[in-house]
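Source file structure-v9.tsv; content: TSV, C-alpha atoms and all ligand atoms.
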chain	number	residue	atom	x	y	z
A	1	MET	CA	119.86	70.71	122.55
A	2	LYS	CA	122.94	71.68	124.60
A	3	HIS	CA	122.41	69.30	127.55
A	4	PHE	CA	119.62	66.82	128.42
A	5	LEU	CA	118.78	67.17	132.11
A	6	SER	CA	115.01	67.64	132.15
A	7	VAL	CA	111.96	68.27	129.98
A	8	LYS	CA	113.06	71.92	129.76
A	9	ASP	CA	115.83	70.79	127.38
A	10	ALA	CA	113.25	69.29	124.99
A	11	SER	CA	112.02	72.17	122.84
A	12	ASN	CA	109.65	69.87	120.90
A	13	ILE	CA	108.48	66.78	122.81
A	14	GLU	CA	106.32	65.48	119.97
A	15	ALA	CA	109.28	65.64	117.56
A	16	LEU	CA	111.44	63.65	120.00
A	17	ILE	CA	108.69	61.01	120.37
A	18	GLU	CA	108.32	60.75	116.60
A	19	GLN	CA	112.10	60.52	116.16
A	20	GLY	CA	112.18	57.67	118.70
A	21	LEU	CA	109.45	55.83	116.80
A	22	ARG	CA	111.31	56.35	113.49
A	23	TYR	CA	114.46	54.84	115.03
A	24	LYS	CA	112.42	51.86	116.23
A	25	LYS	CA	111.48	51.17	112.58
A	26	ASN	CA	114.97	51.90	111.22
A	27	PRO	CA	117.67	51.83	113.95
A	28	TYR	CA	120.62	52.47	111.61
A	29	GLN	CA	119.30	55.40	109.58
A	30	ASP	CA	121.84	57.78	111.19
A	31	GLN	CA	124.71	55.35	111.66
A	32	LEU	CA	127.29	57.87	110.45
A	33	LEU	CA	126.11	60.76	112.66
A	34	GLY	CA	128.24	59.71	115.63
A	35	LYS	CA	131.25	58.41	113.69
A	36	SER	CA	134.52	59.23	115.53
A	37	LYS	CA	132.52	60.48	118.55
A	38	ARG	CA	132.71	59.01	122.03
A	39	ILE	CA	130.23	59.00	124.91
A	40	GLY	CA	131.36	58.39	128.49
A	41	CYS	CA	128.67	56.83	130.67
A	42	LEU	CA	129.43	57.42	134.35
A	43	PHE	CA	127.48	55.44	136.93
A	44	LEU	CA	127.55	56.45	140.56
A	45	ASN	CA	124.68	53.98	141.14
A	46	PRO	CA	123.54	50.59	139.77
A	47	SER	CA	121.64	50.23	136.49
A	48	MET	CA	120.67	47.67	133.88
A	49	ARG	CA	118.23	49.28	131.42
A	50	THR	CA	119.69	52.79	131.38
A	51	ARG	CA	123.24	51.59	130.96
A	52	LEU	CA	122.58	49.05	128.20
A	53	SER	CA	119.98	51.02	126.25
A	54	THR	CA	122.26	54.08	126.15
A	55	GLN	CA	125.18	51.97	124.93
A	56	VAL	CA	123.03	50.32	122.24
A	57	ALA	CA	121.60	53.68	121.15
A	58	ALA	CA	125.07	55.27	120.93
A	59	GLN	CA	126.43	52.34	118.91
A	60	GLN	CA	123.50	52.52	116.47
A	61	LEU	CA	124.51	56.14	115.81
A	62	GLY	CA	128.09	55.03	115.15
A	63	MET	CA	129.45	56.30	118.49
A	64	GLU	CA	131.80	54.50	120.82
A	65	ALA	CA	130.32	54.15	124.31
A	66	ILE	CA	132.60	53.69	127.32
A	67	VAL	CA	131.03	52.83	130.66
A	68	PHE	CA	132.75	53.71	133.93
A	69	ASN	CA	131.13	52.54	137.18
A	70	ILE	CA	132.73	55.45	138.97
A	71	GLY	CA	130.69	54.87	142.14
A	72	SER	CA	132.19	51.40	142.71
A	73	GLU	CA	135.41	51.43	140.63
A	74	GLY	CA	136.59	55.05	140.55
A	75	TRP	CA	138.11	57.36	143.13
A	76	ALA	CA	135.55	58.62	145.64
A	77	LEU	CA	134.49	62.05	144.38
A	78	GLU	CA	134.11	65.21	146.46
A	79	PHE	CA	131.40	67.70	145.46
A	80	ALA	CA	131.54	70.29	148.27
A	81	GLU	CA	133.02	73.68	147.40
A	82	GLY	CA	136.01	74.50	149.61
A	83	ALA	CA	136.12	71.00	151.11
A	84	ILE	CA	139.16	70.07	153.21
A	85	MET	CA	139.60	66.61	151.76
A	86	ASN	CA	141.02	64.82	154.76
A	87	GLY	CA	138.20	62.21	154.84
A	88	THR	CA	137.05	59.46	152.49
A	89	THR	CA	136.85	61.45	149.25
A	90	VAL	CA	139.95	61.36	147.04
A	91	GLU	CA	139.28	63.56	144.02
A	92	HIS	CA	137.23	66.75	143.59
A	93	VAL	CA	134.68	66.91	140.77
A	94	LYS	CA	136.30	70.17	139.64
A	95	ASP	CA	139.51	68.23	138.93
A	96	ALA	CA	137.89	65.08	137.48
A	97	ALA	CA	135.15	66.58	135.26
A	98	PRO	CA	137.41	68.70	132.97
A	99	ILE	CA	139.51	65.59	132.28
A	100	LEU	CA	136.42	63.59	131.35
A	101	GLY	CA	135.51	66.55	129.12
A	102	GLN	CA	138.73	65.95	127.20
A	103	TYR	CA	138.21	62.20	126.82
A	104	PHE	CA	134.61	62.34	125.55
A	105	ASP	CA	132.29	64.28	123.23
A	106	ILE	CA	129.23	63.68	125.46
A	107	LEU	CA	129.24	62.80	129.15
A	108	ALA	CA	126.30	60.82	130.56
A	109	ILE	CA	125.84	60.55	134.33
A	110	ARG	CA	123.66	58.56	136.69
A	111	THR	CA	123.37	59.63	140.28
A	112	PHE	CA	120.69	59.15	142.93
A	113	PRO	CA	119.52	61.51	145.71
A	114	SER	CA	120.81	61.19	149.25
A	115	LEU	CA	117.17	61.25	150.50
A	116	LYS	CA	118.65	62.96	153.58
A	117	ASN	CA	119.08	66.59	152.54
A	118	ARG	CA	116.12	67.74	150.42
A	119	GLU	CA	117.58	71.14	149.60
A	120	GLU	CA	120.82	69.70	148.27
A	121	ASP	CA	119.09	66.92	146.33
A	122	TYR	CA	116.57	69.30	144.75
A	123	GLN	CA	119.38	71.69	143.74
A	124	GLU	CA	120.83	68.82	141.66
A	125	LYS	CA	124.23	69.67	143.05
A	126	ILE	CA	126.09	66.67	141.56
A	127	LEU	CA	124.66	66.96	138.04
A	128	HIS	CA	125.19	70.72	137.87
A	129	GLN	CA	128.82	70.43	138.90
A	130	PHE	CA	129.47	68.13	135.95
A	131	VAL	CA	127.71	70.70	133.72
A	132	LYS	CA	129.87	73.45	135.22
A	133	TYR	CA	133.25	71.71	135.03
A	134	ALA	CA	133.14	69.18	132.14
A	135	GLY	CA	132.68	71.71	129.32
A	136	ILE	CA	130.85	69.23	127.05
A	137	PRO	CA	127.16	68.23	126.70
A	138	ILE	CA	125.83	66.39	129.76
A	139	LEU	CA	123.15	63.71	129.45
A	140	SER	CA	121.25	62.72	132.59
A	141	LEU	CA	120.91	58.97	133.06
A	142	GLU	CA	118.77	59.74	136.16
A	143	SER	CA	119.59	62.35	138.75
A	144	ALA	CA	118.48	63.32	142.24
A	145	THR	CA	115.06	64.58	141.14
A	146	ARG	CA	114.43	63.42	137.57
A	147	HIS	CA	114.78	60.53	135.08
A	148	PRO	CA	114.19	62.26	131.73
A	149	LEU	CA	115.28	59.43	129.40
A	150	GLN	CA	112.84	57.14	131.22
A	151	SER	CA	110.05	59.70	130.83
A	152	LEU	CA	110.68	60.11	127.11
A	153	ALA	CA	110.59	56.32	126.69
A	154	ASP	CA	107.31	56.32	128.65
A	155	LEU	CA	105.74	58.86	126.30
A	156	ILE	CA	107.05	56.96	123.25
A	157	THR	CA	105.32	53.84	124.64
A	158	ILE	CA	102.05	55.68	125.26
A	159	LYS	CA	102.13	57.28	121.81
A	160	GLU	CA	102.90	53.91	120.20
A	161	GLU	CA	99.86	52.37	121.91
A	162	ILE	CA	97.65	55.29	120.88
A	163	LEU	CA	98.77	54.95	117.24
A	164	ASN	CA	98.17	51.18	117.37
A	165	HIS	CA	94.63	51.69	118.75
A	166	SER	CA	93.78	55.02	117.14
A	167	SER	CA	90.03	54.32	116.91
A	168	ASN	CA	89.90	54.24	120.74
A	169	TYR	CA	91.25	57.79	120.86
A	170	ALA	CA	89.22	59.50	118.13
A	171	ASN	CA	88.42	63.02	119.41
A	172	ARG	CA	89.64	62.39	122.94
A	173	LYS	CA	92.83	62.46	124.95
A	174	PRO	CA	94.00	59.34	126.85
A	175	ARG	CA	93.39	59.25	130.60
A	176	ILE	CA	96.76	58.61	132.23
A	177	VAL	CA	96.93	57.81	135.95
A	178	LEU	CA	100.17	57.88	137.92
A	179	THR	CA	99.63	55.79	141.03
A	180	TRP	CA	101.83	55.42	144.08
A	181	ALA	CA	102.62	51.79	145.01
A	182	PRO	CA	103.98	50.20	148.20
A	183	HIS	CA	107.65	49.31	148.67
A	184	ILE	CA	109.87	47.99	151.44
A	185	LYS	CA	112.53	50.72	151.08
A	186	PRO	CA	112.40	54.50	150.72
A	187	LEU	CA	112.86	55.26	147.01
A	188	PRO	CA	113.59	58.56	145.23
A	189	GLN	CA	110.79	60.72	143.82
A	190	CYS	CA	112.68	61.06	140.48
A	191	VAL	CA	110.66	58.78	138.21
A	192	ALA	CA	107.31	60.13	139.45
A	193	ASN	CA	108.51	63.77	139.32
A	194	SER	CA	109.86	63.32	135.85
A	195	PHE	CA	106.87	61.43	134.46
A	196	ALA	CA	104.57	64.13	135.85
A	197	GLU	CA	106.53	67.00	134.35
A	198	TRP	CA	106.79	65.30	130.94
A	199	VAL	CA	103.08	64.42	130.74
A	200	ASN	CA	102.15	67.95	131.82
A	201	ALA	CA	104.51	69.54	129.30
A	202	TRP	CA	103.30	67.19	126.53
A	203	GLY	CA	99.72	68.33	127.18
A	204	GLU	CA	98.11	65.47	125.24
A	205	ALA	CA	96.46	63.66	128.16
A	206	GLU	CA	93.90	63.90	130.91
A	207	PHE	CA	96.40	63.43	133.74
A	208	VAL	CA	95.59	62.18	137.24
A	209	ILE	CA	97.98	61.46	140.10
A	210	THR	CA	96.85	59.29	143.01
A	211	HIS	CA	98.65	58.57	146.28
A	212	PRO	CA	97.93	58.28	150.00
A	213	LYS	CA	97.83	61.57	151.92
A	214	GLY	CA	101.31	62.65	153.00
A	215	LEU	CA	102.96	61.54	149.77
A	216	GLU	CA	102.40	64.76	147.79
A	217	LEU	CA	105.13	65.40	145.23
A	218	ASP	CA	106.79	68.78	144.75
A	219	LYS	CA	104.22	71.02	142.99
A	220	GLN	CA	106.77	72.19	140.42
A	221	PHE	CA	106.38	68.76	138.78
A	222	THR	CA	102.66	68.09	139.26
A	223	GLU	CA	101.12	71.49	138.38
A	224	GLY	CA	98.45	70.78	135.75
A	225	ALA	CA	97.55	67.28	137.00
A	226	THR	CA	94.48	66.38	139.07
A	227	VAL	CA	95.47	64.85	142.42
A	228	VAL	CA	93.05	62.27	143.91
A	229	HIS	CA	93.62	60.39	147.17
A	230	ASN	CA	91.14	57.61	146.42
A	231	GLN	CA	92.98	55.18	144.13
A	232	GLN	CA	89.87	53.36	142.87
A	233	GLU	CA	88.22	56.67	141.93
A	234	ALA	CA	91.37	57.76	140.10
A	235	LEU	CA	91.56	54.52	138.13
A	236	GLU	CA	88.03	54.78	136.71
A	237	LYS	CA	88.16	54.85	132.89
A	238	ALA	CA	91.96	55.00	132.92
A	239	ASP	CA	93.66	54.16	129.61
A	240	PHE	CA	97.21	54.02	131.03
A	241	ILE	CA	98.26	53.39	134.62
A	242	TYR	CA	101.83	54.24	135.61
A	243	VAL	CA	102.79	52.43	138.81
A	244	LYS	CA	105.64	53.75	140.97
A	245	ASN	CA	106.66	53.97	144.58
A	246	TRP	CA	108.21	57.11	145.99
A	247	SER	CA	109.21	58.14	149.50
A	248	SER	CA	107.83	61.22	151.22
A	249	TYR	CA	108.81	64.64	149.87
A	250	GLN	CA	107.40	66.46	152.93
A	251	GLU	CA	109.04	64.24	155.58
A	252	TYR	CA	111.94	63.96	153.23
A	253	GLY	CA	112.99	60.42	152.33
A	254	LYS	CA	110.69	58.77	154.86
A	255	LEU	CA	109.17	55.37	154.06
A	256	ILE	CA	105.40	55.68	154.57
A	257	GLU	CA	104.11	52.27	155.64
A	258	GLY	CA	100.61	50.85	156.03
A	259	ASN	CA	99.33	51.29	152.47
A	260	ASP	CA	99.83	47.76	151.14
A	261	SER	CA	96.33	47.75	149.63
A	262	TRP	CA	97.67	50.25	147.03
A	263	MET	CA	99.32	47.34	145.16
A	264	LEU	CA	97.31	46.83	141.97
A	265	THR	CA	95.70	43.49	141.12
A	266	ASN	CA	93.44	42.52	138.21
A	267	GLN	CA	90.47	43.50	140.38
A	268	SER	CA	91.80	47.07	140.58
A	269	LEU	CA	91.65	47.27	136.78
A	270	ALA	CA	87.95	46.33	136.52
A	271	SER	CA	86.66	49.92	136.24
A	272	THR	CA	89.40	51.06	133.84
A	273	ASN	CA	89.22	51.35	130.08
A	274	GLN	CA	91.12	48.04	129.82
A	275	ALA	CA	94.06	50.12	130.97
A	276	LYS	CA	97.60	49.33	129.97
A	277	VAL	CA	99.93	49.15	132.97
A	278	MET	CA	103.41	50.66	133.03
A	279	HIS	CA	106.36	50.55	135.42
A	280	CYS	CA	109.93	51.73	134.81
A	281	LEU	CA	111.46	48.56	136.35
A	282	PRO	CA	113.07	47.05	138.34
A	283	VAL	CA	109.87	46.05	140.13
A	284	ARG	CA	109.39	44.10	143.34
A	285	ARG	CA	106.76	41.57	142.38
A	286	ASN	CA	103.79	41.20	144.71
A	287	VAL	CA	104.95	44.22	146.70
A	288	GLU	CA	104.69	47.05	144.16
A	289	LEU	CA	102.75	45.23	141.48
A	290	SER	CA	101.10	41.80	141.35
A	291	ASP	CA	102.26	38.84	139.27
A	292	GLU	CA	98.84	38.66	137.64
A	293	ILE	CA	99.23	42.16	136.16
A	294	LEU	CA	102.91	41.88	135.28
A	295	ASP	CA	102.36	38.54	133.54
A	296	GLY	CA	99.03	39.56	132.01
A	297	THR	CA	98.10	41.01	128.64
A	298	GLN	CA	97.62	44.57	129.93
A	299	SER	CA	101.25	45.00	131.04
A	300	LEU	CA	103.46	47.20	128.85
A	301	VAL	CA	106.59	46.92	130.99
A	302	THR	CA	108.76	44.97	128.53
A	303	GLN	CA	107.77	47.15	125.57
A	304	GLN	CA	108.39	50.22	127.75
A	305	ALA	CA	111.89	49.08	128.76
A	306	GLY	CA	112.64	48.18	125.12
A	307	ASN	CA	111.71	51.72	124.11
A	308	ARG	CA	114.52	53.07	126.31
A	309	VAL	CA	116.83	52.50	123.31
A	310	TRP	CA	114.76	54.73	120.99
A	311	ALA	CA	114.44	57.49	123.58
A	312	ALA	CA	118.20	57.53	124.15
A	313	GLN	CA	118.90	57.44	120.42
A	314	ALA	CA	116.55	60.40	119.71
A	315	VAL	CA	118.21	62.46	122.45
A	316	LEU	CA	121.76	61.56	121.38
A	317	LYS	CA	120.92	62.57	117.81
A	318	ASN	CA	119.88	66.01	119.10
A	319	LEU	CA	123.01	66.40	121.21
A	320	LEU	CA	125.28	65.32	118.33
A	321	GLU	CA	123.63	67.73	115.91
A	322	GLN	CA	124.47	70.65	118.20
A	323	GLN	CA	128.20	69.88	118.16
B	401	LIG	N1	114.32	52.11	134.75
B	401	LIG	C1	115.65	52.17	134.98
B	401	LIG	O1	116.25	53.27	135.05
B	401	LIG	O2	116.25	50.96	135.07
B	401	LIG	P1	117.76	50.72	135.53
B	401	LIG	O3	117.87	51.21	136.96
B	401	LIG	O4	118.03	49.27	135.37
B	401	LIG	O5	118.66	51.57	134.65

structure tokens encoding of this file:
Amino acid sequence: MKHFLSVKDASNIEALIEQGLRYKKNPYQDQLLGKSKRIGCLFLNPSMRTRLSTQVAAQQLGMEAIVFNIGSEGWALEFAEGAIMNGTTVEHVKDAAPILGQYFDILAIRTFPSLKNREEDYQEKILHQFVKYAGIPILSLESATRHPLQSLADLITIKEEILNHSSNYANRKPRIVLTWAPHIKPLPQCVANSFAEWVNAWGEAEFVITHPKGLELDKQFTEGATVVHNQQEALEKADFIYVKNWSSYQEYGKLIEGNDSWMLTNQSLASTNQAKVMHCLPVRRNVELSDEILDGTQSLVTQQAGNRVWAAQAVLKNLLEQQ
């Protein structure tokens, strides 16, 4: 693995999942692998889980992890080619990234989309400039269109549940439903895009996506899934329900209002196969997802967030082994 930007960098998804689960049982089995290696974690946007789980994972592999909140503490970066920098930006990525490439062995970056310019966001302009100019492996900590470490943690969580309840899955694949949920702000499509492309590439599920009309995701991520606009129909016999808001891809970045009934409650789960409920967090309680589900026995959200460590550690192992 040269970089980790999307599912395309994972040549064997099942092996990554299994590696994550092995690390969960024995976190320090490769504690010398990253000895004398350093990871720089650059945040252009806020984070709790991604930041801390990546640091913990790196330290368990013997690496030193240095976090730089470049978006709030660093010089304002310019990404436009040929920019005349007489405005608010102070340093061009083509000057900053090669320096970071000398300080670190792996560079991890979190950036969000603008939600204003779809073409630029979907070209992953910021992430690809770090790839171009840093000269070292780049690890995505969430980008304009994807959140691959989250998606790997999601699949680790699903696989863990399947292994713990294997008799429920004898001779059948789990039914996984990705459902849109309401929100008060327009959010990126990254988590939903990424989850969809990972589940499709994994190929071990009956995969359904449900959302109100007008909230279709980019087909490059959803190809292979069944799309249903009736949430209750989609939820029937679900084993796993992944809850996430996203803003419109068609009317790019627009908040689509008037679908508050899409927030799941215990009643929504009645026709499911006692479905386990997932969310990447942070979650707005009683807007995106009800207290009764989040505090109930069918919620996997804490386990899922805990598994972020094992996903990051499995990916870092792969990146270190290529050096
Ligand atoms: N799920 C997730 O990426 O959480 P943070 O924004 O806290 O990193």

Within 9 Å of ligand LIG 401 (chain B) (only C-alpha atoms and all ligand atoms), residues as number ranges by chain: A: 45-53, 110, 141-142, 147, 149-150, 191, 279-282, 305, 308

Straight-line distance linking atom CA of Asp239 of chain A with atom CA of Val277 of chain A, stated in Å to one decimal: 8.7 Å

Grab the atom CA of Ala311 of chain A to atom CA of Phe221 of chain A distance for me, in Å with one decimal place.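 Pair atom CA of Ala311 of chain A / atom CA of Phe221 of chain A returns 20.6 Å.
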
In Å, rounded to a single decimal, give me how far atom CA of Ser194 of chain A is from atom CA of Pro98 of chain A.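 Taking atom CA of Pro98 of chain A and atom CA of Ser194 of chain A, their separation equals 28.2 Å.
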
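Considering the residues A:Phe112, A:Ala58, A:Ala96, A:Ser11 and counting all atoms listed in the file, Leu44 of chain A has its shortest atom-to-atom contact with A:Phe112.
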
When you look at Leu32 of chain A with a cut-off of 12 Å (counting all atoms listed in the file), what residues show up, excluding the ones that are within fewer than 5 positions of it in the same chain? I need them as a JSON list (two decimals) with C-alpha atoms, keeping the file's coordinate frame.
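Result file is around-v3.json:
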[["chain", "number", "residue", "atom", "x", "y", "z"],
["A", 27, "PRO", "CA", 117.67, 51.83, 113.95],
["A", 37, "LYS", "CA", 132.52, 60.48, 118.55],
["A", 58, "ALA", "CA", 125.07, 55.27, 120.93],
["A", 59, "GLN", "CA", 126.43, 52.34, 118.91],
["A", 60, "GLN", "CA", 123.50, 52.52, 116.47],
["A", 61, "LEU", "CA", 124.51, 56.14, 115.81],
["A", 62, "GLY", "CA", 128.09, 55.03, 115.15],
["A", 63, "MET", "CA", 129.45, 56.30, 118.49],
["A", 64, "GLU", "CA", 131.80, 54.50, 120.82],
["A", 317, "LYS", "CA", 120.92, 62.57, 117.81],
["A", 320, "LEU", "CA", 125.28, 65.32, 118.33],
["A", 321, "GLU", "CA", 123.63, 67.73, 115.91]]

Could you check which of A:Leu294, A:Ala181, A:Met1, A:Val283 is closest to Met263 of chain A, using only C-alpha atoms?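 Of the candidates, the smallest distance to Met263 of chain A is held by A:Ala181.
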
At a cut-off of 8 Å around the point (86.6, 51.6, 139.7) (file coordinates), what residues fall inside when counting only C-alpha atoms? I'd like the answer as a list of chain:residue names.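 Taken together, the residues in range are A:Gln232, A:Glu233, A:Ala234, A:Leu235, A:Glu236, A:Lys237, A:Ser268, A:Leu269, A:Ala270, A:Ser271, A:Thr272.
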
Take the selection from the previous step and output its residues with C-alpha atoms, as a PDB file, keeping the file's coordinate frame.
ATOM      1  CA  GLN A 232      89.870  53.360 142.870  1.00  0.00           C
ATOM      2  CA  GLU A 233      88.220  56.670 141.930  1.00  0.00           C
ATOM      3  CA  ALA A 234      91.370  57.760 140.100  1.00  0.00           C
ATOM      4  CA  LEU A 235      91.560  54.520 138.130  1.00  0.00           C
ATOM      5  CA  GLU A 236      88.030  54.780 136.710  1.00  0.00           C
ATOM      6  CA  LYS A 237      88.160  54.850 132.890  1.00  0.00           C
ATOM      7  CA  SER A 268      91.800  47.070 140.580  1.00  0.00           C
ATOM      8  CA  LEU A 269      91.650  47.270 136.780  1.00  0.00           C
ATOM      9  CA  ALA A 270      87.950  46.330 136.520  1.00  0.00           C
ATOM     10  CA  SER A 271      86.660  49.920 136.240  1.00  0.00           C
ATOM     11  CA  THR A 272      89.400  51.060 133.840  1.00  0.00           C
TER      12      THR A 272
END

Axis-aligned box for segment 193-212 of chain A, 8 Å per side, centre and edges in Å as JSON:
{"center_x": 101.9, "center_y": 63.9, "center_z": 137.6, "size_x": 32.0, "size_y": 27.3, "size_z": 40.8}

Counting all atoms listed in the file, figure out which residue out of A:Leu42, A:Ile241, A:Leu217, A:Leu77 gets nearest to Asn273 of chain A.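 When distances to Asn273 of chain A are compared using all atoms listed in the file, the smallest one comes from A:Ile241.
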
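In terms of minimum interatomic distance to Ala196 of chain A, A:Val7 ranks closest within A:Gln29, A:Val7, A:Tyr23, A:Ser247, counting all atoms listed in the file.
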
When distances are computed from all atoms listed in the file, which of A:Asn245, A:Ser143, A:Gln267, A:Thr179 shows the smallest separation from Thr226 of chain A?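 Of A:Asn245, A:Ser143, A:Gln267, A:Thr179, the one nearest Thr226 of chain A is A:Thr179, counting all atoms listed in the file.
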
Polymer residues at most 8 Å from Gln129 of chain A, all atoms listed in the file, same-chain spacing of 5 or more positions, as a ChimeraX atom specification: /A:79,93-94

Create the file for the chosen residues now, containing C-alpha atoms and written as an mmCIF file, in the coordinates of the input.
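For reference, out.cif as written:
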data_model
loop_
_atom_site.group_PDB
_atom_site.id
_atom_site.type_symbol
_atom_site.label_atom_id
_atom_site.label_comp_id
_atom_site.auth_asym_id
_atom_site.auth_seq_id
_atom_site.Cartn_x
_atom_site.Cartn_y
_atom_site.Cartn_z
ATOM 1 C CA PHE A 79 131.400 67.700 145.460
ATOM 2 C CA VAL A 93 134.680 66.910 140.770
ATOM 3 C CA LYS A 94 136.300 70.170 139.640
#

Taking 6 positions as the minimum chain separation for residues in the same chain, which residues sit within 9 Å of Phe43 of chain A when counting only C-alpha atoms? Answer as a count of residues only. 12

Skip Glu257 of chain A itself and residues of its chain fewer than 3 positions away, then list as a PyMOL selection string all residues within 12 Å of it, counting only C-alpha atoms. chain A and resi 181-186+212-215+245-248+254+260-262

Looking at A:Leu33, A:Ala83, A:Val301, A:Ile17, which one is nearest to Leu319 of chain A, with distances taken over only C-alpha atoms?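 Of A:Leu33, A:Ala83, A:Val301, A:Ile17, the one nearest Leu319 of chain A, counting only C-alpha atoms, is A:Leu33.
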
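Using only C-alpha atoms, the residues found no farther than 12 Å from Arg118 of chain A, other than those of its own chain fewer than 4 positions away, are Pro113, Ser114, Tyr122, Gln123, Glu124, Lys125, Ala144, Thr145, Pro188, Gln189, Asp218, Ser247, Ser248, Tyr249, Gln250, Glu251, Tyr252, Gly253 and Lys254 of chain A.
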
Just the selected residues (C-alpha atoms), exported as a short mmCIF file (atom, residue, chain, number, x, y, z; two decimals), in the coordinates of the input, please.
data_model
loop_
_atom_site.label_atom_id
_atom_site.label_comp_id
_atom_site.auth_asym_id
_atom_site.auth_seq_id
_atom_site.Cartn_x
_atom_site.Cartn_y
_atom_site.Cartn_z
CA PRO A 113 119.52 61.51 145.71
CA SER A 114 120.81 61.19 149.25
CA TYR A 122 116.57 69.30 144.75
CA GLN A 123 119.38 71.69 143.74
CA GLU A 124 120.83 68.82 141.66
CA LYS A 125 124.23 69.67 143.05
CA ALA A 144 118.48 63.32 142.24
CA THR A 145 115.06 64.58 141.14
CA PRO A 188 113.59 58.56 145.23
CA GLN A 189 110.79 60.72 143.82
CA ASP A 218 106.79 68.78 144.75
CA SER A 247 109.21 58.14 149.50
CA SER A 248 107.83 61.22 151.22
CA TYR A 249 108.81 64.64 149.87
CA GLN A 250 107.40 66.46 152.93
CA GLU A 251 109.04 64.24 155.58
CA TYR A 252 111.94 63.96 153.23
CA GLY A 253 112.99 60.42 152.33
CA LYS A 254 110.69 58.77 154.86
#

Expected answer as an mmCIF file with C-alpha atoms, keeping the file's coordinate frame: all residues with atoms within 10 Å of (120.5, 69.0, 124.1), only C-alpha atoms:
data_model
loop_
_atom_site.group_PDB
_atom_site.id
_atom_site.type_symbol
_atom_site.label_atom_id
_atom_site.label_comp_id
_atom_site.auth_asym_id
_atom_site.auth_seq_id
_atom_site.Cartn_x
_atom_site.Cartn_y
_atom_site.Cartn_z
ATOM 1 C CA MET A 1 119.860 70.710 122.550
ATOM 2 C CA LYS A 2 122.940 71.680 124.600
ATOM 3 C CA HIS A 3 122.410 69.300 127.550
ATOM 4 C CA PHE A 4 119.620 66.820 128.420
ATOM 5 C CA LEU A 5 118.780 67.170 132.110
ATOM 6 C CA SER A 6 115.010 67.640 132.150
ATOM 7 C CA LYS A 8 113.060 71.920 129.760
ATOM 8 C CA ASP A 9 115.830 70.790 127.380
ATOM 9 C CA ALA A 10 113.250 69.290 124.990
ATOM 10 C CA SER A 11 112.020 72.170 122.840
ATOM 11 C CA PRO A 137 127.160 68.230 126.700
ATOM 12 C CA ILE A 138 125.830 66.390 129.760
ATOM 13 C CA LEU A 139 123.150 63.710 129.450
ATOM 14 C CA VAL A 315 118.210 62.460 122.450
ATOM 15 C CA LEU A 316 121.760 61.560 121.380
ATOM 16 C CA LYS A 317 120.920 62.570 117.810
ATOM 17 C CA ASN A 318 119.880 66.010 119.100
ATOM 18 C CA LEU A 319 123.010 66.400 121.210
ATOM 19 C CA LEU A 320 125.280 65.320 118.330
ATOM 20 C CA GLU A 321 123.630 67.730 115.910
ATOM 21 C CA GLN A 322 124.470 70.650 118.200
ATOM 22 C CA GLN A 323 128.200 69.880 118.160
#
